[in-house]
Each structure stands twice: as structure tokens, then as C-alpha cells.
>>> print(open('structure_34.csv').read())   # CSV, C-alpha atoms
chain,number,residue,atom,x,y,z
A,6,ALA,CA,2.5,64.1,22.7
A,7,ALA,CA,0.2,62.8,20.0
A,8,ARG,CA,0.5,60.9,16.7
A,9,THR,CA,-1.4,58.8,14.2
A,10,ASP,CA,-0.2,56.4,11.5
A,11,THR,CA,-1.9,54.5,8.7
A,12,GLY,CA,-0.1,51.3,9.6
A,13,LYS,CA,1.2,48.8,7.0
A,14,VAL,CA,-1.9,47.4,5.4
A,15,ARG,CA,-4.7,50.0,5.3
A,16,ALA,CA,-4.9,52.4,2.3
A,17,ARG,CA,-6.1,55.4,4.3
A,18,ASN,CA,-6.3,56.5,7.9
A,19,GLU,CA,-9.7,56.5,9.5
A,20,ASP,CA,-8.4,57.5,13.0
A,21,ALA,CA,-8.3,61.1,14.3
A,22,PHE,CA,-7.0,62.7,17.4
A,23,LEU,CA,-7.3,65.9,19.3
A,24,ALA,CA,-4.7,67.3,21.7
A,25,LEU,CA,-5.6,70.6,23.4
A,26,PRO,CA,-3.3,70.6,26.6
A,27,GLU,CA,-4.1,74.3,27.3
A,28,GLN,CA,-7.7,73.3,27.6
A,29,GLY,CA,-7.1,70.0,29.3
A,30,LEU,CA,-8.8,68.0,26.6
A,31,TRP,CA,-7.5,65.0,24.5
A,32,VAL,CA,-9.4,62.6,22.2
A,33,VAL,CA,-8.8,59.6,20.1
A,34,ALA,CA,-11.4,58.4,17.6
A,35,ASP,CA,-11.3,55.3,15.4
A,36,GLY,CA,-13.7,55.5,12.5
A,37,MET,CA,-15.6,52.6,11.1
A,38,GLY,CA,-17.8,52.1,8.0
A,39,GLY,CA,-15.1,51.9,5.4
A,40,HIS,CA,-13.0,54.6,3.7
A,41,GLN,CA,-14.7,58.0,3.7
A,42,ASN,CA,-17.4,57.1,6.2
A,43,GLY,CA,-15.0,56.1,9.0
A,44,ALA,CA,-12.7,59.0,8.3
A,45,LEU,CA,-15.7,61.4,8.3
A,46,ALA,CA,-17.1,60.1,11.6
A,47,SER,CA,-13.8,60.3,13.5
A,48,ARG,CA,-13.0,63.8,12.0
A,49,LEU,CA,-16.5,65.1,13.0
A,50,ILE,CA,-15.9,63.8,16.6
A,51,VAL,CA,-12.6,65.7,17.1
A,52,GLU,CA,-14.0,68.8,15.3
A,53,GLN,CA,-17.1,68.9,17.5
A,54,LEU,CA,-15.3,68.2,20.8
A,55,ALA,CA,-12.7,71.0,20.0
A,56,GLU,CA,-15.6,73.4,20.1
A,57,ILE,CA,-16.6,72.6,23.7
A,58,PRO,CA,-16.9,76.0,25.6
A,59,GLU,CA,-14.8,76.8,28.6
A,60,GLY,CA,-16.0,76.1,32.1
A,61,ASP,CA,-15.2,73.9,35.0
A,62,LEU,CA,-14.7,70.1,34.6
A,63,THR,CA,-18.3,69.3,35.5
A,64,GLN,CA,-19.7,71.7,32.9
A,65,ARG,CA,-17.3,70.6,30.2
A,66,LEU,CA,-18.1,66.9,30.9
A,67,ALA,CA,-21.8,67.7,30.4
A,68,GLN,CA,-21.0,69.6,27.2
A,69,LEU,CA,-18.8,66.7,25.9
A,70,ARG,CA,-21.5,64.2,26.5
A,71,GLN,CA,-24.2,66.3,24.9
A,72,SER,CA,-21.9,66.9,21.9
A,73,LEU,CA,-21.4,63.1,21.5
A,74,HIS,CA,-25.1,62.4,21.8
A,75,ARG,CA,-25.9,65.0,19.1
A,76,LEU,CA,-23.3,63.5,16.8
A,77,ASN,CA,-24.6,60.0,17.4
A,78,HIS,CA,-28.0,61.2,16.2
A,79,ARG,CA,-26.5,63.0,13.3
A,80,LEU,CA,-24.3,60.0,12.2
A,81,GLY,CA,-27.1,57.5,12.8
A,82,GLN,CA,-29.9,59.3,11.2
A,83,GLU,CA,-29.0,62.1,8.8
A,84,LEU,CA,-25.7,61.0,7.3
A,85,THR,CA,-26.4,57.2,7.1
A,86,VAL,CA,-29.7,57.8,5.3
A,87,THR,CA,-28.1,60.0,2.6
A,88,ALA,CA,-25.2,57.5,2.1
A,89,GLU,CA,-25.1,55.6,-1.2
A,90,ARG,CA,-26.5,52.5,0.6
A,91,PRO,CA,-29.1,53.1,3.2
A,92,ASP,CA,-27.7,50.3,5.5
A,93,THR,CA,-24.2,51.9,5.5
A,94,VAL,CA,-22.8,52.5,9.0
A,95,ILE,CA,-21.0,55.7,9.6
A,96,GLY,CA,-19.5,55.5,13.0
A,97,SER,CA,-16.5,55.8,15.3
A,98,THR,CA,-15.2,54.7,18.6
A,99,VAL,CA,-14.2,57.6,21.0
A,100,VAL,CA,-12.1,57.9,24.1
A,101,ALA,CA,-11.8,61.4,25.6
A,102,LEU,CA,-9.9,62.8,28.6
A,103,LEU,CA,-10.7,66.0,30.5
A,104,LEU,CA,-8.2,67.3,33.0
A,105,GLU,CA,-8.5,70.1,35.5
A,106,GLY,CA,-5.9,70.3,38.3
A,107,GLU,CA,-6.2,67.0,40.2
A,108,ARG,CA,-9.5,66.0,38.6
A,109,ALA,CA,-9.9,63.9,35.5
A,110,ALA,CA,-12.7,62.4,33.6
A,111,CYS,CA,-12.5,59.7,30.9
A,112,VAL,CA,-15.4,59.2,28.5
A,113,TRP,CA,-15.6,56.4,26.0
A,114,ALA,CA,-17.7,54.3,23.6
A,115,GLY,CA,-16.1,51.4,21.7
A,116,ASP,CA,-12.7,49.8,22.1
A,117,SER,CA,-10.3,52.7,22.0
A,118,ARG,CA,-8.6,52.7,25.4
A,119,CYS,CA,-7.4,54.8,28.3
A,120,TYR,CA,-4.5,53.6,30.4
A,121,LEU,CA,-2.9,55.0,33.5
A,122,TRP,CA,0.8,54.5,34.4
A,123,ARG,CA,1.3,55.2,38.1
A,124,GLY,CA,3.9,54.1,40.6
A,125,SER,CA,5.5,51.6,38.1
A,126,ARG,CA,2.1,49.9,37.4
A,127,LEU,CA,-0.1,50.0,34.4
A,128,TYR,CA,-3.9,50.2,34.8
A,129,GLN,CA,-6.5,50.0,32.0
A,130,LEU,CA,-9.1,52.5,33.1
A,131,SER,CA,-11.5,52.0,30.2
A,132,ARG,CA,-13.4,48.7,29.5
A,133,ASP,CA,-13.9,47.7,25.9
A,134,HIS,CA,-17.4,47.8,24.4
A,135,SER,CA,-16.7,44.7,22.2
A,136,LEU,CA,-18.2,41.2,21.8
A,137,GLU,CA,-14.9,39.8,23.2
A,138,GLN,CA,-15.3,41.7,26.5
A,139,GLN,CA,-19.0,40.8,26.6
A,140,LEU,CA,-18.2,37.1,26.3
A,141,ILE,CA,-15.7,37.5,29.2
A,142,ASP,CA,-18.2,39.4,31.4
A,143,GLU,CA,-21.5,37.6,30.6
A,144,GLN,CA,-20.4,34.0,29.8
A,145,GLN,CA,-17.3,33.9,32.0
A,146,LEU,CA,-15.1,32.9,29.0
A,147,SER,CA,-11.4,33.2,29.5
A,148,PRO,CA,-9.8,36.1,27.6
A,149,GLU,CA,-8.0,33.5,25.4
A,150,LEU,CA,-11.2,31.7,24.4
A,151,ALA,CA,-13.1,35.0,23.9
A,152,ALA,CA,-10.4,36.2,21.6
A,153,LYS,CA,-10.8,33.2,19.4
A,154,HIS,CA,-14.5,34.0,18.6
A,155,PRO,CA,-14.8,34.9,14.9
A,156,ALA,CA,-16.5,38.2,15.8
A,157,ALA,CA,-14.4,39.0,18.9
A,158,HIS,CA,-13.6,42.5,17.6
A,159,ALA,CA,-17.2,43.4,16.8
A,160,LEU,CA,-18.1,46.6,18.7
A,161,THR,CA,-21.1,46.6,21.0
A,162,ARG,CA,-21.1,50.4,21.3
A,163,ALA,CA,-19.8,53.3,19.1
A,164,ILE,CA,-20.8,56.8,18.1
A,165,GLY,CA,-23.3,56.4,15.2
A,166,ALA,CA,-23.8,52.6,15.6
A,167,SER,CA,-27.2,52.6,17.2
A,168,GLU,CA,-30.1,55.0,18.0
A,169,LYS,CA,-29.4,55.1,21.7
A,170,LEU,CA,-25.9,56.0,22.7
A,171,GLU,CA,-24.5,54.8,26.1
A,172,LEU,CA,-21.3,56.4,27.2
A,173,ASP,CA,-19.1,55.1,30.0
A,174,ILE,CA,-17.6,57.8,32.3
A,175,LEU,CA,-14.9,57.4,34.9
A,176,GLU,CA,-13.9,60.3,37.2
A,177,PHE,CA,-10.6,60.0,39.1
A,178,ALA,CA,-7.9,61.9,40.8
A,179,VAL,CA,-4.5,62.5,39.1
A,180,PHE,CA,-1.2,62.9,40.9
A,181,PRO,CA,2.2,64.5,39.8
A,182,GLY,CA,4.0,61.9,37.7
A,183,ASP,CA,0.9,60.2,36.5
A,184,THR,CA,1.1,59.3,32.8
A,185,LEU,CA,-2.0,58.7,30.7
A,186,LEU,CA,-2.4,57.0,27.3
A,187,LEU,CA,-5.3,57.3,25.0
A,188,CYS,CA,-5.1,54.9,22.0
A,189,SER,CA,-6.9,53.2,19.2
A,190,ASP,CA,-7.0,49.3,19.1
A,191,GLY,CA,-4.5,49.4,16.2
A,192,LEU,CA,-1.9,50.5,18.7
A,193,TYR,CA,-2.5,48.2,21.7
A,194,GLN,CA,-3.6,45.0,19.9
A,195,SER,CA,-0.1,43.9,19.0
A,196,MET,CA,1.6,45.1,22.2
A,197,SER,CA,1.8,43.4,25.6
A,198,THR,CA,0.9,45.3,28.8
A,199,ASP,CA,4.6,45.1,29.7
A,200,ALA,CA,5.6,46.8,26.5
A,201,LEU,CA,3.0,49.6,27.0
A,202,GLY,CA,4.2,50.1,30.6
A,203,ALA,CA,7.9,50.2,29.5
A,204,ALA,CA,7.1,52.9,27.0
A,205,LEU,CA,5.1,55.0,29.5
A,206,SER,CA,7.9,54.8,32.1
A,207,LEU,CA,10.3,56.8,29.8
A,208,PRO,CA,11.3,60.3,30.9
A,209,SER,CA,9.2,62.3,28.4
A,210,THR,CA,5.8,62.0,26.6
A,211,GLN,CA,7.6,62.3,23.3
A,212,LEU,CA,10.0,59.5,24.0
A,213,ALA,CA,7.1,57.3,25.2
A,214,LEU,CA,5.1,58.1,22.0
A,215,GLU,CA,8.1,57.2,19.8
A,216,ARG,CA,8.7,53.9,21.6
A,217,LEU,CA,5.0,53.0,21.3
A,218,PHE,CA,4.9,53.6,17.6
A,219,ARG,CA,8.3,51.9,17.0
A,220,GLN,CA,7.1,48.8,18.8
A,221,ALA,CA,3.6,48.7,17.2
A,222,LEU,CA,5.1,49.2,13.7
A,223,LYS,CA,7.5,46.4,14.3
A,224,GLY,CA,4.4,44.1,14.3
A,225,PRO,CA,1.9,43.5,11.6
A,226,ALA,CA,0.2,46.9,12.0
A,227,ARG,CA,-2.8,45.8,10.0
A,228,ASP,CA,-4.9,48.7,11.4
A,229,ASN,CA,-4.5,52.5,11.7
A,230,LEU,CA,-2.8,53.4,15.0
A,231,SER,CA,-3.2,56.5,17.1
A,232,ALA,CA,-2.0,57.5,20.5
A,233,VAL,CA,-1.9,60.5,22.9
A,234,VAL,CA,0.4,60.5,25.9
A,235,ILE,CA,-0.3,63.0,28.8
A,236,ARG,CA,1.9,63.4,31.9
A,237,ARG,CA,0.9,65.5,34.9
>>> encode(input="structure_34.csv", output="C-alpha cells")
Amino acid sequence: AARTDTGKVRARNEDAFLALPEQGLWVVADGMGGHQNGALASRLIVEQLAEIPEGDLTQRLAQLRQSLHRLNHRLGQELTVTAERPDTVIGSTVVALLLEGERAACVWAGDSRCYLWRGSRLYQLSRDHSLEQQLIDEQQLSPELAAKHPAAHALTRAIGASEKLELDILEFAVFPGDTLLLCSDGLYQSMSTDALGAALSLPSTQLALERLFRQALKGPARDNLSAVVIRR
């Protein structure tokens, strides 16, 4: 089950998602760079990844990575240079999940996340590429202190943000009953891990998705929000 929402504050939605269960591919992208730029970047990501040719998981993972590297070059070089202002950033976070039988691979850049609900426990599989996470990792700041930094939400990686793209990749096994959540920061920012887990424990992906959006939209919902829920 997949859904996106503009939220309560933003004028337009710069998020995009892709849900191709028959191909075992799901993606959430959260555009940045303001208005058309962010929306363009996230849309290009889902359009390009939808074109990945068939093959086994290893082949498709390689294709997905190549596709994102090509897009990073395109967004960073070609499109940014032709924008109205030469210093305009056209970029997007991305979190993608490939699934084949019991094998899964999660690929990400930025702060869109992948969660796993298994055996009544919630695990955050991805690690944010943000200044906040960097302060926690490198300066041993507590999450509470790091969150107070004025630039806490600044991204340290994204598609189109810098000349060299570094992607994080996690390969893992999935079991029957496992539930996976891909989401943009607009969804998880205002929700506790308990609330996320409670939603993912519901009997169907559609019910889980409805609960997630109901909870998130009860809050300030200052950002666009997107989520994909997958159950094996």
C-alpha cells in the first residue's frame, strides 16, 4: 500500500513514490530545491527506477545504483546549470527497496527511511544522512542535543546535491510476516517509534498506511509526507 500527501503547510507536493510489487521494487523520494526543482528531481528518480530491466536481485541492484549515479550527474550538472540561478540545487533524497523471495536490498541517500517490523519489534534499517546524525556519530552528542542544532535537518547526502554520490546499501533476509515501511521525513518526524510500530502491527498494509497518515496528519504536518508499506 502506498500514499503521498501535501500536508497542512506546503503549497505543493515535492515527494514521489513508486510501488511495483510485481517487480519487487518500491521507492520513496523527497525532493529539495524549492517548488518545481524538488518535484522534478523526485519525479525523475521514480521514473528512472521504474525502467530498471528485469534480472536477479544482484543485477537489478547494480542497475538501480547506476541509474541513481547517472541521475546524480544529470541533476548536479546539466539541470542545475540551466536553472534560472546557477547556484540552485535540484535534488532529492531516495530510499528504495528491492525484494526477491527471501532476499532484500535497501538503498538510500538522505533522510528518507526504511523500517522493519518483525516479531513485535521495530527496527530502523536505514541511517539518516543528515547533520543531526553526523553530530551524534562524530561528536557523541545525545539525540536530544543534536536535534536542537539550528541546521539539524540539513542533508549530508542526496541525489543531485554533490558531484560524488555515496549510496548506502543494506542487504538482508526477509521472513513471512515481515512488514517494511519506506517513508519521507514528513511522515516519521512527528511520530514516535511506538506509534509507527502500532500502525505496522495492524492486519493489512492498507490499514497500516491509513493509521500512519491519520496519526501524522493529526500533528503539524509541516512537510509533504509519503509512505509505502510492504508485507511478505
>>> residues_around(input="structure_34.csv", residues="Leu212 of chain A", least_positions_apart="6", cutoff="10 Å", atoms="only C-alpha atoms", output="NGL selection string")
:A and (6 or 204-206 or 234)
>>> closest_residue(input="structure_34.csv", among="A:Gly191, A:Gly81, A:Pro148, A:Gly96", to="Met37 of chain A", atoms="all atoms listed in the file")
A:Gly96
>>> atom_distance(input="structure_34.csv", atom1="atom CA of Leu30 of chain A", atom2="atom CA of Ala55 of chain A")
8.2 Å
>>> closest_residue(input="structure_34.csv", among="A:Cys188, A:Ala114, A:Ala7, A:Val99", to="Arg48 of chain A", atoms="all atoms listed in the file")
A:Val99
>>> closest_residue(input="structure_34.csv", among="A:Leu25, A:Ala200, A:Leu146, A:Leu172", to="Arg132 of chain A", atoms="all atoms listed in the file")
A:Leu172
>>> residues_around(input="structure_34.csv", residues="Gly124 of chain A", least_positions_apart="5", cutoff="12 Å", atoms="only C-alpha atoms", output="list in words")
Val179, Phe180, Pro181, Gly182, Asp183, Thr184, Gly202, Leu205 and Ser206 of chain A
>>> atom_distance(input="structure_34.csv", atom1="atom CA of Arg227 of chain A", atom2="atom CA of Gly38 of chain A")
16.4 Å
>>> residues_near_point(input="structure_34.csv", point="(-15.6, 45.4, 23.2)", cutoff="7 Å", atoms="all atoms listed in the file", output="VMD selection string")
chain A and resid 115 to 116 133 to 139 158 to 161
>>> residues_around(input="structure_34.csv", residues="Asp190 of chain A", least_positions_apart="6", cutoff="9 Å", atoms="only C-alpha atoms", output="list in words")
Asp35, Asp116, Ser117, Arg118, Asp228, Asn229, Leu230 and Ser231 of chain A
>>> write_last_selection(input="structure_34.csv", atoms="C-alpha atoms", output="short mmCIF file (atom, residue, chain, number, x, y, z; two decimals), keeping the file's coordinate frame")
data_model
loop_
_atom_site.label_atom_id
_atom_site.label_comp_id
_atom_site.auth_asym_id
_atom_site.auth_seq_id
_atom_site.Cartn_x
_atom_site.Cartn_y
_atom_site.Cartn_z
CA ASP A 35 -11.30 55.30 15.40
CA ASP A 116 -12.70 49.80 22.10
CA SER A 117 -10.30 52.70 22.00
CA ARG A 118 -8.60 52.70 25.40
CA ASP A 228 -4.90 48.70 11.40
CA ASN A 229 -4.50 52.50 11.70
CA LEU A 230 -2.80 53.40 15.00
CA SER A 231 -3.20 56.50 17.10
#
>>> decode(input="structure_34.csv", residues="segment 190-219 of chain A", atoms="N, CA and C atoms", output="CSV table (one decimal), in the first residue's frame")
chain,number,residue,atom,x,y,z
A,190,ASP,N,10.7,12.1,5.5
A,190,ASP,CA,10.8,12.6,6.9
A,190,ASP,C,9.6,13.3,7.4
A,191,GLY,N,8.8,13.8,6.4
A,191,GLY,CA,7.5,14.4,6.8
A,191,GLY,C,6.6,13.5,7.5
A,192,LEU,N,6.7,12.1,7.3
A,192,LEU,CA,5.8,11.2,7.9
A,192,LEU,C,6.4,10.8,9.3
A,193,TYR,N,7.7,10.5,9.4
A,193,TYR,CA,8.2,10.0,10.7
A,193,TYR,C,8.5,11.1,11.7
A,194,GLN,N,8.8,12.3,11.3
A,194,GLN,CA,9.2,13.3,12.2
A,194,GLN,C,8.3,13.6,13.4
A,195,SER,N,7.0,13.5,13.1
A,195,SER,CA,6.1,13.9,14.2
A,195,SER,C,5.5,12.6,14.9
A,196,MET,N,6.1,11.4,14.6
A,196,MET,CA,5.5,10.2,15.2
A,196,MET,C,6.6,9.5,16.0
A,197,SER,N,6.2,8.9,17.1
A,197,SER,CA,7.1,8.1,18.0
A,197,SER,C,7.3,6.8,17.3
A,198,THR,N,8.3,6.1,17.8
A,198,THR,CA,8.6,4.7,17.2
A,198,THR,C,7.4,3.8,17.7
A,199,ASP,N,6.9,4.1,18.9
A,199,ASP,CA,5.7,3.2,19.3
A,199,ASP,C,4.5,3.4,18.4
A,200,ALA,N,4.3,4.6,17.9
A,200,ALA,CA,3.2,4.9,17.0
A,200,ALA,C,3.4,4.2,15.7
A,201,LEU,N,4.6,4.3,15.2
A,201,LEU,CA,5.0,3.6,13.9
A,201,LEU,C,4.8,2.1,14.0
A,202,GLY,N,5.3,1.5,15.1
A,202,GLY,CA,5.1,0.1,15.3
A,202,GLY,C,3.7,-0.3,15.5
A,203,ALA,N,2.9,0.5,16.2
A,203,ALA,CA,1.5,0.1,16.4
A,203,ALA,C,0.8,0.1,15.0
A,204,ALA,N,1.1,1.0,14.1
A,204,ALA,CA,0.5,1.0,12.8
A,204,ALA,C,0.9,-0.2,12.0
A,205,LEU,N,2.2,-0.5,12.0
A,205,LEU,CA,2.7,-1.6,11.2
A,205,LEU,C,2.3,-3.0,11.7
A,206,SER,N,1.8,-3.0,13.0
A,206,SER,CA,1.3,-4.3,13.5
A,206,SER,C,-0.1,-4.6,13.1
A,207,LEU,N,-0.8,-3.7,12.4
A,207,LEU,CA,-2.2,-3.9,12.0
A,207,LEU,C,-2.3,-5.0,11.0
A,208,PRO,N,-3.5,-5.6,10.8
A,208,PRO,CA,-3.6,-6.9,10.0
A,208,PRO,C,-3.3,-6.7,8.5
A,209,SER,N,-3.4,-5.5,7.9
A,209,SER,CA,-3.2,-5.3,6.5
A,209,SER,C,-2.3,-4.1,6.2
A,210,THR,N,-1.7,-4.1,5.1
A,210,THR,CA,-0.8,-2.9,4.7
A,210,THR,C,-1.7,-1.7,4.5
A,211,GLN,N,-2.9,-1.9,4.0
A,211,GLN,CA,-3.8,-0.7,3.8
A,211,GLN,C,-4.2,-0.1,5.1
A,212,LEU,N,-4.6,-0.9,6.1
A,212,LEU,CA,-4.9,-0.4,7.4
A,212,LEU,C,-3.7,0.3,8.1
A,213,ALA,N,-2.5,-0.3,7.9
A,213,ALA,CA,-1.3,0.3,8.5
A,213,ALA,C,-1.1,1.7,7.9
A,214,LEU,N,-1.2,1.8,6.5
A,214,LEU,CA,-1.0,3.0,5.8
A,214,LEU,C,-2.0,4.1,6.3
A,215,GLU,N,-3.3,3.7,6.4
A,215,GLU,CA,-4.3,4.6,6.9
A,215,GLU,C,-4.0,5.1,8.3
A,216,ARG,N,-3.6,4.3,9.2
A,216,ARG,CA,-3.2,4.7,10.5
A,216,ARG,C,-2.1,5.6,10.5
A,217,LEU,N,-1.0,5.3,9.8
A,217,LEU,CA,0.1,6.2,9.7
A,217,LEU,C,-0.2,7.6,9.3
A,218,PHE,N,-1.0,7.7,8.2
A,218,PHE,CA,-1.4,9.0,7.7
A,218,PHE,C,-2.4,9.8,8.7
A,219,ARG,N,-3.3,9.0,9.3
A,219,ARG,CA,-4.2,9.6,10.3
A,219,ARG,C,-3.4,10.2,11.4
